[in-house]
Amino acid sequence: KNQVEQSPQSLIILEGKNCTLQCNYTVSPFSNLRWYKQDTGRGPVSLTIMTFSENTKSNGRYTATLDADTKQSSLHITASQLSDSASYICVVSLSNSGYALNFGKGTSLLVTP
Amino acid sequence: EAQVTQNPRYLITVTGKKLTVTCSQNMNHEYMSWYRQDPGLGLRQIYYSMNVEVTDKGDVPEGYKVSRKEKRNFPLILESPSPNQTSLYFCASRGGWTSGNNEQFFGPGTRLTVL
């Protein structure tokens, strides 16, 4: 069973609008949570990394939040641009290994003019 | 420029013909790994290496081999490719757990088609 669930699976929004992507995880013990952006046919690129003690982190128009108690994270994109069209992947790391990563299947975002 | 490189980027081959996909990183990272990505399944780990001469199986290792003779290189070997290994492959590297450099960098991907 996948321990990292993302929703929605896909999303279409108009350019300039905001959107929020969700990530729920059951991975334990938790170490850190990462959000990646993956353009079609390219390698994922890191957007944010949050440890257990952090509950928000921003990278430009991208803001990630983390609630370690409810095991939920969200990625908020503000004033979307056409270049935001991509897949967004949530990845959770175990604390007792340091290396094992659990990947969500991603949310595919399409920003239209 | 810090990067992970993969070669080739695109490959079409036939069933049973051995092939190697190379991966190299210039960040002196200890940890390297290989993933495959298929529609609807997301990224799945094939093999990983925590340092030179230390490798271990990931979630989907069947049909693949790896080696880590040097810190910078981590080739993926398909001894006898089959059509179900048609996929998009990514190599990644990351600093050691105690180094504080936990950022994982991905290569540009290798699109493999096995006929």
# chains A, B, ... in the order shown; residues from 1 in each chain; ligands from 1
call {"tool": "interface_residues", "arguments": {"of": "chain B", "to": "chain A", "cutoff": "8 Å", "atoms": "only C-alpha atoms", "output": "mmCIF file with N, CA and C atoms, in the first residue's frame"}}
result
data_model
loop_
_atom_site.group_PDB
_atom_site.id
_atom_site.type_symbol
_atom_site.label_atom_id
_atom_site.label_comp_id
_atom_site.auth_asym_id
_atom_site.auth_seq_id
_atom_site.Cartn_x
_atom_site.Cartn_y
_atom_site.Cartn_z
ATOM 1 N N TYR B 31 25.366 9.008 -1.794
ATOM 2 C CA TYR B 31 24.178 8.206 -2.077
ATOM 3 C C TYR B 31 23.720 8.417 -3.510
ATOM 4 N N GLY B 40 0.954 6.419 -14.266
ATOM 5 C CA GLY B 40 0.058 5.940 -13.224
ATOM 6 C C GLY B 40 0.740 5.266 -12.047
ATOM 7 N N LEU B 41 2.045 5.026 -12.156
ATOM 8 C CA LEU B 41 2.753 4.327 -11.075
ATOM 9 C C LEU B 41 3.734 5.222 -10.342
ATOM 10 N N GLY B 42 4.047 6.366 -10.883
ATOM 11 C CA GLY B 42 4.996 7.257 -10.229
ATOM 12 C C GLY B 42 6.418 6.736 -10.304
ATOM 13 N N LEU B 43 7.279 7.288 -9.495
ATOM 14 C CA LEU B 43 8.685 6.900 -9.455
ATOM 15 C C LEU B 43 8.861 5.702 -8.530
ATOM 16 N N ARG B 44 9.535 4.685 -9.025
ATOM 17 C CA ARG B 44 9.813 3.500 -8.217
ATOM 18 C C ARG B 44 11.315 3.231 -8.223
ATOM 19 N N PHE B 90 15.449 7.407 -14.265
ATOM 20 C CA PHE B 90 16.136 8.545 -13.654
ATOM 21 C C PHE B 90 17.188 8.060 -12.678
ATOM 22 N N TRP B 97 23.756 11.184 5.012
ATOM 23 C CA TRP B 97 22.776 11.553 6.039
ATOM 24 C C TRP B 97 23.377 12.468 7.093
ATOM 25 N N GLU B 103 19.671 17.263 0.099
ATOM 26 C CA GLU B 103 19.000 17.566 -1.152
ATOM 27 C C GLU B 103 19.277 16.469 -2.160
ATOM 28 N N GLN B 104 18.242 15.979 -2.819
ATOM 29 C CA GLN B 104 18.413 14.937 -3.840
ATOM 30 C C GLN B 104 18.289 15.574 -5.219
ATOM 31 N N PHE B 105 19.263 15.289 -6.060
ATOM 32 C CA PHE B 105 19.290 15.817 -7.420
ATOM 33 C C PHE B 105 19.029 14.684 -8.409
ATOM 34 N N PHE B 106 18.174 14.953 -9.370
ATOM 35 C CA PHE B 106 17.847 13.967 -10.384
ATOM 36 C C PHE B 106 18.544 14.297 -11.702
ATOM 37 N N GLY B 107 18.871 13.242 -12.435
ATOM 38 C CA GLY B 107 19.373 13.421 -13.791
ATOM 39 C C GLY B 107 18.242 13.764 -14.741
ATOM 40 N N PRO B 108 18.565 13.989 -16.012
ATOM 41 C CA PRO B 108 17.560 14.430 -16.989
ATOM 42 C C PRO B 108 16.664 13.305 -17.502
ATOM 43 N N GLY B 109 17.025 12.059 -17.216
ATOM 44 C CA GLY B 109 16.182 10.955 -17.646
ATOM 45 C C GLY B 109 16.700 10.245 -18.901
#
call {"tool": "select_by_dssp", "arguments": {"residues": "chain B", "states": "strand (DSSP E or B)", "output": "number ranges by chain"}}
result
B: 4-7, 10-13, 19-25, 31-38, 42-51, 54-57, 65-66, 73, 76-78, 87-94, 104-106, 110-114
call {"tool": "residues_around", "arguments": {"residues": "stretch 49-55 of chain B", "least_positions_apart": "4", "cutoff": "10 Å", "atoms": "only C-alpha atoms", "output": "NGL selection string"}}
result
(:A and (99)) or (:B and (29-34 or 65-74 or 93-97))
call {"tool": "residues_around", "arguments": {"residues": "A:Glu54", "least_positions_apart": "4", "cutoff": "9 Å", "atoms": "only C-alpha atoms", "output": "list of chain:residue names"}}
result
A:Met50, A:Thr65, A:Leu66, A:Asp67, A:Ala68
call {"tool": "write_last_selection", "arguments": {"atoms": "N, CA and C atoms", "output": "PDB file, in the first residue's frame"}}
result
ATOM      1  N   MET A  50      10.937  20.137   4.144  1.00  0.00           N
ATOM      2  CA  MET A  50      10.543  20.532   5.503  1.00  0.00           C
ATOM      3  C   MET A  50      10.820  19.396   6.469  1.00  0.00           C
ATOM      4  N   THR A  65       3.093  23.665   3.294  1.00  0.00           N
ATOM      5  CA  THR A  65       2.767  23.603   4.714  1.00  0.00           C
ATOM      6  C   THR A  65       2.815  22.159   5.172  1.00  0.00           C
ATOM      7  N   LEU A  66       3.062  21.972   6.440  1.00  0.00           N
ATOM      8  CA  LEU A  66       3.158  20.627   7.002  1.00  0.00           C
ATOM      9  C   LEU A  66       2.491  20.586   8.360  1.00  0.00           C
ATOM     10  N   ASP A  67       1.616  19.602   8.553  1.00  0.00           N
ATOM     11  CA  ASP A  67       1.030  19.323   9.858  1.00  0.00           C
ATOM     12  C   ASP A  67       1.442  17.899  10.216  1.00  0.00           C
ATOM     13  N   ALA A  68       2.497  17.786  11.007  1.00  0.00           N
ATOM     14  CA  ALA A  68       3.029  16.464  11.346  1.00  0.00           C
ATOM     15  C   ALA A  68       2.082  15.678  12.250  1.00  0.00           C
TER      16      ALA A  68
END
call {"tool": "residues_around", "arguments": {"residues": "B:Pro61", "least_positions_apart": "6", "cutoff": "12 Å", "atoms": "only C-alpha atoms", "output": "ChimeraX atom specification"}}
result
/B:33-36,44-48,55,76-78,85
call {"tool": "write_last_selection", "arguments": {"atoms": "all heavy atoms", "output": "compact mmCIF listing (two decimals), in the first residue's frame"}}
result
# COMPACT_ATOMS: atom_id res chain seq x y z
N SER B 33 21.03 6.57 -6.67
CA SER B 33 19.95 5.61 -6.86
C SER B 33 19.41 5.68 -8.28
O SER B 33 19.63 6.67 -9.00
CB SER B 33 18.82 5.87 -5.86
OG SER B 33 18.35 7.20 -5.97
N TRP B 34 18.70 4.63 -8.67
CA TRP B 34 18.03 4.55 -9.95
C TRP B 34 16.54 4.36 -9.73
O TRP B 34 16.13 3.57 -8.87
CB TRP B 34 18.56 3.38 -10.78
CG TRP B 34 19.80 3.70 -11.55
CD1 TRP B 34 21.08 3.35 -11.25
CD2 TRP B 34 19.88 4.43 -12.79
NE1 TRP B 34 21.94 3.83 -12.20
CE2 TRP B 34 21.23 4.49 -13.15
CE3 TRP B 34 18.92 5.04 -13.60
CZ2 TRP B 34 21.67 5.13 -14.31
CZ3 TRP B 34 19.34 5.69 -14.75
CH2 TRP B 34 20.71 5.72 -15.09
N TYR B 35 15.76 5.07 -10.56
CA TYR B 35 14.31 4.97 -10.52
C TYR B 35 13.80 4.71 -11.93
O TYR B 35 14.42 5.10 -12.91
CB TYR B 35 13.68 6.26 -10.02
CG TYR B 35 14.06 6.67 -8.62
CD1 TYR B 35 15.20 7.45 -8.39
CD2 TYR B 35 13.29 6.30 -7.52
CE1 TYR B 35 15.55 7.84 -7.11
CE2 TYR B 35 13.63 6.68 -6.24
CZ TYR B 35 14.76 7.45 -6.05
OH TYR B 35 15.11 7.83 -4.77
N ARG B 36 12.65 4.09 -11.99
CA ARG B 36 11.91 4.05 -13.23
C ARG B 36 10.56 4.72 -13.02
O ARG B 36 10.01 4.67 -11.91
CB ARG B 36 11.73 2.63 -13.77
CG ARG B 36 10.96 1.69 -12.92
CD ARG B 36 10.82 0.31 -13.60
NE ARG B 36 9.89 0.36 -14.74
CZ ARG B 36 9.67 -0.66 -15.58
NH1 ARG B 36 10.31 -1.80 -15.41
NH2 ARG B 36 8.83 -0.53 -16.59
N ARG B 44 9.54 4.68 -9.03
CA ARG B 44 9.81 3.50 -8.22
C ARG B 44 11.31 3.23 -8.22
O ARG B 44 11.95 3.25 -9.28
CB ARG B 44 9.05 2.29 -8.77
CG ARG B 44 7.54 2.41 -8.66
CD ARG B 44 6.85 1.18 -9.22
NE ARG B 44 7.03 1.08 -10.67
CZ ARG B 44 6.74 -0.01 -11.37
NH1 ARG B 44 6.26 -1.07 -10.77
NH2 ARG B 44 6.92 -0.01 -12.68
N GLN B 45 11.83 2.95 -7.05
CA GLN B 45 13.27 2.78 -6.92
C GLN B 45 13.70 1.39 -7.38
O GLN B 45 13.12 0.38 -6.97
CB GLN B 45 13.70 3.01 -5.48
CG GLN B 45 15.21 3.12 -5.30
CD GLN B 45 15.58 3.39 -3.86
OE1 GLN B 45 15.21 2.66 -2.95
NE2 GLN B 45 16.33 4.47 -3.65
N ILE B 46 14.76 1.34 -8.18
CA ILE B 46 15.26 0.07 -8.71
C ILE B 46 16.40 -0.45 -7.83
O ILE B 46 16.35 -1.57 -7.31
CB ILE B 46 15.77 0.24 -10.15
CG1 ILE B 46 14.65 0.78 -11.05
CG2 ILE B 46 16.31 -1.08 -10.70
CD1 ILE B 46 15.13 1.20 -12.43
N TYR B 47 17.44 0.34 -7.69
CA TYR B 47 18.59 0.03 -6.86
C TYR B 47 19.10 1.33 -6.24
O TYR B 47 18.87 2.41 -6.78
CB TYR B 47 19.72 -0.59 -7.69
CG TYR B 47 19.73 -2.09 -7.75
CD1 TYR B 47 19.11 -2.76 -8.80
CD2 TYR B 47 20.37 -2.84 -6.76
CE1 TYR B 47 19.12 -4.14 -8.86
CE2 TYR B 47 20.39 -4.23 -6.82
CZ TYR B 47 19.76 -4.87 -7.87
OH TYR B 47 19.78 -6.25 -7.94
N TYR B 48 19.84 1.19 -5.14
CA TYR B 48 20.51 2.35 -4.58
C TYR B 48 21.87 1.94 -4.05
O TYR B 48 22.17 0.76 -3.87
CB TYR B 48 19.66 3.01 -3.48
CG TYR B 48 19.40 2.17 -2.25
CD1 TYR B 48 20.24 2.26 -1.14
CD2 TYR B 48 18.31 1.31 -2.19
CE1 TYR B 48 20.00 1.50 0.00
CE2 TYR B 48 18.07 0.55 -1.07
CZ TYR B 48 18.91 0.65 0.02
OH TYR B 48 18.67 -0.12 1.14
N THR B 55 25.83 -1.52 -2.53
CA THR B 55 24.59 -1.37 -3.29
C THR B 55 23.51 -2.25 -2.68
O THR B 55 23.82 -3.24 -2.01
CB THR B 55 24.77 -1.76 -4.77
OG1 THR B 55 25.09 -3.16 -4.86
CG2 THR B 55 25.88 -0.94 -5.43
N LEU B 76 23.58 1.60 -14.68
CA LEU B 76 22.46 0.65 -14.62
C LEU B 76 22.60 -0.31 -15.79
O LEU B 76 22.72 0.13 -16.93
CB LEU B 76 21.13 1.39 -14.71
CG LEU B 76 19.86 0.54 -14.69
CD1 LEU B 76 19.67 -0.09 -13.31
CD2 LEU B 76 18.65 1.39 -15.07
N ILE B 77 22.58 -1.59 -15.50
CA ILE B 77 22.82 -2.61 -16.51
C ILE B 77 21.57 -3.47 -16.68
O ILE B 77 21.01 -3.97 -15.70
CB ILE B 77 24.01 -3.51 -16.10
CG1 ILE B 77 25.25 -2.65 -15.88
CG2 ILE B 77 24.28 -4.58 -17.16
CD1 ILE B 77 26.26 -3.26 -14.96
N LEU B 78 21.17 -3.63 -17.94
CA LEU B 78 20.08 -4.56 -18.27
C LEU B 78 20.72 -5.68 -19.08
O LEU B 78 21.08 -5.50 -20.24
CB LEU B 78 18.98 -3.86 -19.07
CG LEU B 78 18.04 -2.93 -18.29
CD1 LEU B 78 18.75 -1.64 -17.88
CD2 LEU B 78 16.79 -2.64 -19.11
N GLN B 85 10.43 -3.58 -19.62
CA GLN B 85 11.39 -2.63 -19.08
C GLN B 85 11.41 -1.33 -19.88
O GLN B 85 12.21 -0.43 -19.60
CB GLN B 85 12.80 -3.24 -19.04
CG GLN B 85 12.90 -4.37 -18.03
CD GLN B 85 14.25 -5.03 -18.00
OE1 GLN B 85 14.70 -5.62 -19.00
NE2 GLN B 85 14.94 -4.93 -16.87
call {"tool": "residues_around", "arguments": {"residues": "stretch 14-17 of chain A", "least_positions_apart": "2", "cutoff": "7 Å", "atoms": "only C-alpha atoms", "output": "short mmCIF file (atom, residue, chain, number, x, y, z; two decimals) with all heavy atoms, in the first residue's frame"}}
result
data_model
loop_
_atom_site.label_atom_id
_atom_site.label_comp_id
_atom_site.auth_asym_id
_atom_site.auth_seq_id
_atom_site.Cartn_x
_atom_site.Cartn_y
_atom_site.Cartn_z
N CYS A 19 -3.89 27.75 -6.53
CA CYS A 19 -4.35 26.36 -6.33
C CYS A 19 -3.58 25.74 -5.18
O CYS A 19 -2.51 26.21 -4.79
CB CYS A 19 -4.18 25.53 -7.60
SG CYS A 19 -2.47 25.19 -8.05
N THR A 78 0.66 30.32 -5.96
CA THR A 78 0.01 31.63 -6.04
C THR A 78 0.20 32.23 -7.43
O THR A 78 1.27 32.11 -8.02
CB THR A 78 0.62 32.58 -5.00
OG1 THR A 78 0.50 32.00 -3.71
CG2 THR A 78 -0.07 33.94 -5.01
N ALA A 79 -0.86 32.86 -7.94
CA ALA A 79 -0.78 33.57 -9.23
C ALA A 79 -0.14 32.68 -10.29
O ALA A 79 0.92 33.00 -10.83
CB ALA A 79 -0.02 34.88 -9.06
N SER A 80 -0.79 31.59 -10.59
CA SER A 80 -0.20 30.56 -11.46
C SER A 80 0.20 31.13 -12.83
O SER A 80 -0.42 32.06 -13.36
CB SER A 80 -1.19 29.41 -11.65
OG SER A 80 -2.38 29.88 -12.25
N GLN A 81 1.24 30.51 -13.38
CA GLN A 81 1.73 30.86 -14.70
C GLN A 81 1.70 29.62 -15.58
O GLN A 81 1.66 28.49 -15.09
CB GLN A 81 3.16 31.41 -14.58
CG GLN A 81 3.28 32.64 -13.71
CD GLN A 81 4.70 33.12 -13.54
OE1 GLN A 81 5.65 32.49 -14.05
NE2 GLN A 81 4.88 34.21 -12.82
N LEU A 82 1.74 29.84 -16.88
CA LEU A 82 1.71 28.70 -17.81
C LEU A 82 2.86 27.73 -17.52
O LEU A 82 2.71 26.52 -17.68
CB LEU A 82 1.78 29.19 -19.25
CG LEU A 82 0.63 30.09 -19.72
CD1 LEU A 82 0.84 30.51 -21.16
CD2 LEU A 82 -0.71 29.39 -19.54
N VAL A 111 -2.03 24.56 -16.41
CA VAL A 111 -2.44 25.96 -16.34
C VAL A 111 -2.76 26.43 -17.75
O VAL A 111 -1.90 26.36 -18.64
CB VAL A 111 -1.33 26.83 -15.71
CG1 VAL A 111 -1.79 28.28 -15.63
CG2 VAL A 111 -0.95 26.31 -14.34
N THR A 112 -3.99 26.89 -17.95
CA THR A 112 -4.41 27.29 -19.30
C THR A 112 -4.54 28.80 -19.41
O THR A 112 -4.82 29.47 -18.42
CB THR A 112 -5.75 26.65 -19.65
OG1 THR A 112 -6.75 27.13 -18.74
CG2 THR A 112 -5.68 25.14 -19.55
N PRO A 113 -4.35 29.33 -20.61
CA PRO A 113 -4.45 30.80 -20.80
C PRO A 113 -5.87 31.29 -20.56
O PRO A 113 -6.83 30.56 -20.75
CB PRO A 113 -4.05 31.00 -22.26
CG PRO A 113 -3.37 29.76 -22.67
CD PRO A 113 -3.93 28.64 -21.84
#
call {"tool": "closest_residue", "arguments": {"among": "A:Val27, A:Val91, A:Ala86, A:Ile77", "to": "A:Asp39", "atoms": "only C-alpha atoms"}}
result
A:Ala86
call {"tool": "closest_residue", "arguments": {"among": "A:Val4, A:Leu109, A:Asn55, A:Gln38", "to": "A:Asn18", "atoms": "only C-alpha atoms"}}
result
A:Leu109
call {"tool": "residues_around", "arguments": {"residues": "A:Ser108", "least_positions_apart": "6", "cutoff": "8 Å", "atoms": "only C-alpha atoms", "output": "PyMOL selection string"}}
result
chain A and resi 9-11+85-88
call {"tool": "closest_residue", "arguments": {"among": "B:Thr20, B:Ser80, B:Gln25, B:Asn7", "to": "B:Ala92", "atoms": "only C-alpha atoms"}}
result
B:Gln25
call {"tool": "atom_distance", "arguments": {"atom1": "atom CA of A:Thr20", "atom2": "atom CA of B:Leu88"}}
result
27.5 Å
call {"tool": "atom_distance", "arguments": {"atom1": "atom CA of B:Asp59", "atom2": "atom CA of A:Thr51"}}
result
24.6 Å
call {"tool": "atom_distance", "arguments": {"atom1": "atom CA of A:Ser74", "atom2": "atom CA of A:Thr40"}}
result
21.7 Å
call {"tool": "closest_residue", "arguments": {"among": "A:Asp84, A:Lys57, A:Leu75, A:Asp69", "to": "A:Pro8", "atoms": "only C-alpha atoms"}}
result
A:Leu75
call {"tool": "decode", "arguments": {"residues": "stretch 63-86 of chain B", "atoms": "N, CA and C atoms", "output": "PDB file, in the first residue's frame"}}
result
ATOM      1  N   GLY B  63      15.612  -7.895 -13.074  1.00  0.00           N
ATOM      2  CA  GLY B  63      16.014  -7.623 -14.445  1.00  0.00           C
ATOM      3  C   GLY B  63      17.078  -6.543 -14.574  1.00  0.00           C
ATOM      4  N   TYR B  64      17.529  -6.024 -13.443  1.00  0.00           N
ATOM      5  CA  TYR B  64      18.519  -4.950 -13.451  1.00  0.00           C
ATOM      6  C   TYR B  64      19.725  -5.327 -12.600  1.00  0.00           C
ATOM      7  N   LYS B  65      20.866  -4.734 -12.959  1.00  0.00           N
ATOM      8  CA  LYS B  65      22.073  -4.821 -12.151  1.00  0.00           C
ATOM      9  C   LYS B  65      22.687  -3.436 -12.057  1.00  0.00           C
ATOM     10  N   VAL B  66      23.480  -3.218 -11.007  1.00  0.00           N
ATOM     11  CA  VAL B  66      24.196  -1.956 -10.857  1.00  0.00           C
ATOM     12  C   VAL B  66      25.596  -2.254 -10.336  1.00  0.00           C
ATOM     13  N   SER B  67      26.449  -1.252 -10.419  1.00  0.00           N
ATOM     14  CA  SER B  67      27.766  -1.354  -9.799  1.00  0.00           C
ATOM     15  C   SER B  67      28.173   0.034  -9.316  1.00  0.00           C
ATOM     16  N   ARG B  68      29.025   0.065  -8.287  1.00  0.00           N
ATOM     17  CA  ARG B  68      29.503   1.365  -7.769  1.00  0.00           C
ATOM     18  C   ARG B  68      30.995   1.214  -7.449  1.00  0.00           C
ATOM     19  N   LYS B  69      31.772   1.287  -8.519  1.00  0.00           N
ATOM     20  CA  LYS B  69      33.225   1.139  -8.374  1.00  0.00           C
ATOM     21  C   LYS B  69      33.894   2.468  -8.049  1.00  0.00           C
ATOM     22  N   GLU B  70      33.248   3.552  -8.447  1.00  0.00           N
ATOM     23  CA  GLU B  70      33.760   4.899  -8.149  1.00  0.00           C
ATOM     24  C   GLU B  70      32.611   5.695  -7.544  1.00  0.00           C
ATOM     25  N   LYS B  71      32.964   6.702  -6.762  1.00  0.00           N
ATOM     26  CA  LYS B  71      31.932   7.478  -6.081  1.00  0.00           C
ATOM     27  C   LYS B  71      31.048   8.231  -7.064  1.00  0.00           C
ATOM     28  N   ARG B  72      31.604   8.699  -8.150  1.00  0.00           N
ATOM     29  CA  ARG B  72      30.852   9.561  -9.053  1.00  0.00           C
ATOM     30  C   ARG B  72      29.962   8.797 -10.037  1.00  0.00           C
ATOM     31  N   ASN B  73      30.217   7.517 -10.272  1.00  0.00           N
ATOM     32  CA  ASN B  73      29.498   6.775 -11.309  1.00  0.00           C
ATOM     33  C   ASN B  73      28.638   5.652 -10.751  1.00  0.00           C
ATOM     34  N   PHE B  74      27.474   5.472 -11.361  1.00  0.00           N
ATOM     35  CA  PHE B  74      26.542   4.433 -10.896  1.00  0.00           C
ATOM     36  C   PHE B  74      25.768   3.916 -12.112  1.00  0.00           C
ATOM     37  N   PRO B  75      26.377   3.054 -12.913  1.00  0.00           N
ATOM     38  CA  PRO B  75      25.711   2.572 -14.128  1.00  0.00           C
ATOM     39  C   PRO B  75      24.589   1.574 -13.839  1.00  0.00           C
ATOM     40  N   LEU B  76      23.581   1.599 -14.680  1.00  0.00           N
ATOM     41  CA  LEU B  76      22.459   0.652 -14.617  1.00  0.00           C
ATOM     42  C   LEU B  76      22.605  -0.306 -15.793  1.00  0.00           C
ATOM     43  N   ILE B  77      22.578  -1.593 -15.497  1.00  0.00           N
ATOM     44  CA  ILE B  77      22.819  -2.615 -16.510  1.00  0.00           C
ATOM     45  C   ILE B  77      21.573  -3.472 -16.685  1.00  0.00           C
ATOM     46  N   LEU B  78      21.166  -3.634 -17.942  1.00  0.00           N
ATOM     47  CA  LEU B  78      20.083  -4.559 -18.271  1.00  0.00           C
ATOM     48  C   LEU B  78      20.719  -5.685 -19.078  1.00  0.00           C
ATOM     49  N   GLU B  79      20.894  -6.837 -18.444  1.00  0.00           N
ATOM     50  CA  GLU B  79      21.601  -7.952 -19.078  1.00  0.00           C
ATOM     51  C   GLU B  79      20.800  -8.514 -20.252  1.00  0.00           C
ATOM     52  N   SER B  80      19.500  -8.620 -20.092  1.00  0.00           N
ATOM     53  CA  SER B  80      18.647  -9.168 -21.154  1.00  0.00           C
ATOM     54  C   SER B  80      17.319  -8.409 -21.142  1.00  0.00           C
ATOM     55  N   PRO B  81      17.312  -7.229 -21.753  1.00  0.00           N
ATOM     56  CA  PRO B  81      16.119  -6.379 -21.677  1.00  0.00           C
ATOM     57  C   PRO B  81      14.866  -7.058 -22.238  1.00  0.00           C
ATOM     58  N   SER B  82      13.748  -6.730 -21.636  1.00  0.00           N
ATOM     59  CA  SER B  82      12.461  -7.226 -22.113  1.00  0.00           C
ATOM     60  C   SER B  82      11.522  -6.038 -22.295  1.00  0.00           C
ATOM     61  N   PRO B  83      10.459  -6.223 -23.075  1.00  0.00           N
ATOM     62  CA  PRO B  83       9.544  -5.106 -23.351  1.00  0.00           C
ATOM     63  C   PRO B  83       8.964  -4.454 -22.101  1.00  0.00           C
ATOM     64  N   ASN B  84       8.805  -5.218 -21.008  1.00  0.00           N
ATOM     65  CA  ASN B  84       8.241  -4.608 -19.796  1.00  0.00           C
ATOM     66  C   ASN B  84       9.235  -3.690 -19.079  1.00  0.00           C
ATOM     67  N   GLN B  85      10.431  -3.580 -19.622  1.00  0.00           N
ATOM     68  CA  GLN B  85      11.394  -2.630 -19.085  1.00  0.00           C
ATOM     69  C   GLN B  85      11.410  -1.326 -19.880  1.00  0.00           C
ATOM     70  N   THR B  86      10.512  -1.234 -20.833  1.00  0.00           N
ATOM     71  CA  THR B  86      10.304   0.036 -21.526  1.00  0.00           C
ATOM     72  C   THR B  86       9.791   1.042 -20.504  1.00  0.00           C
TER      73      THR B  86
END
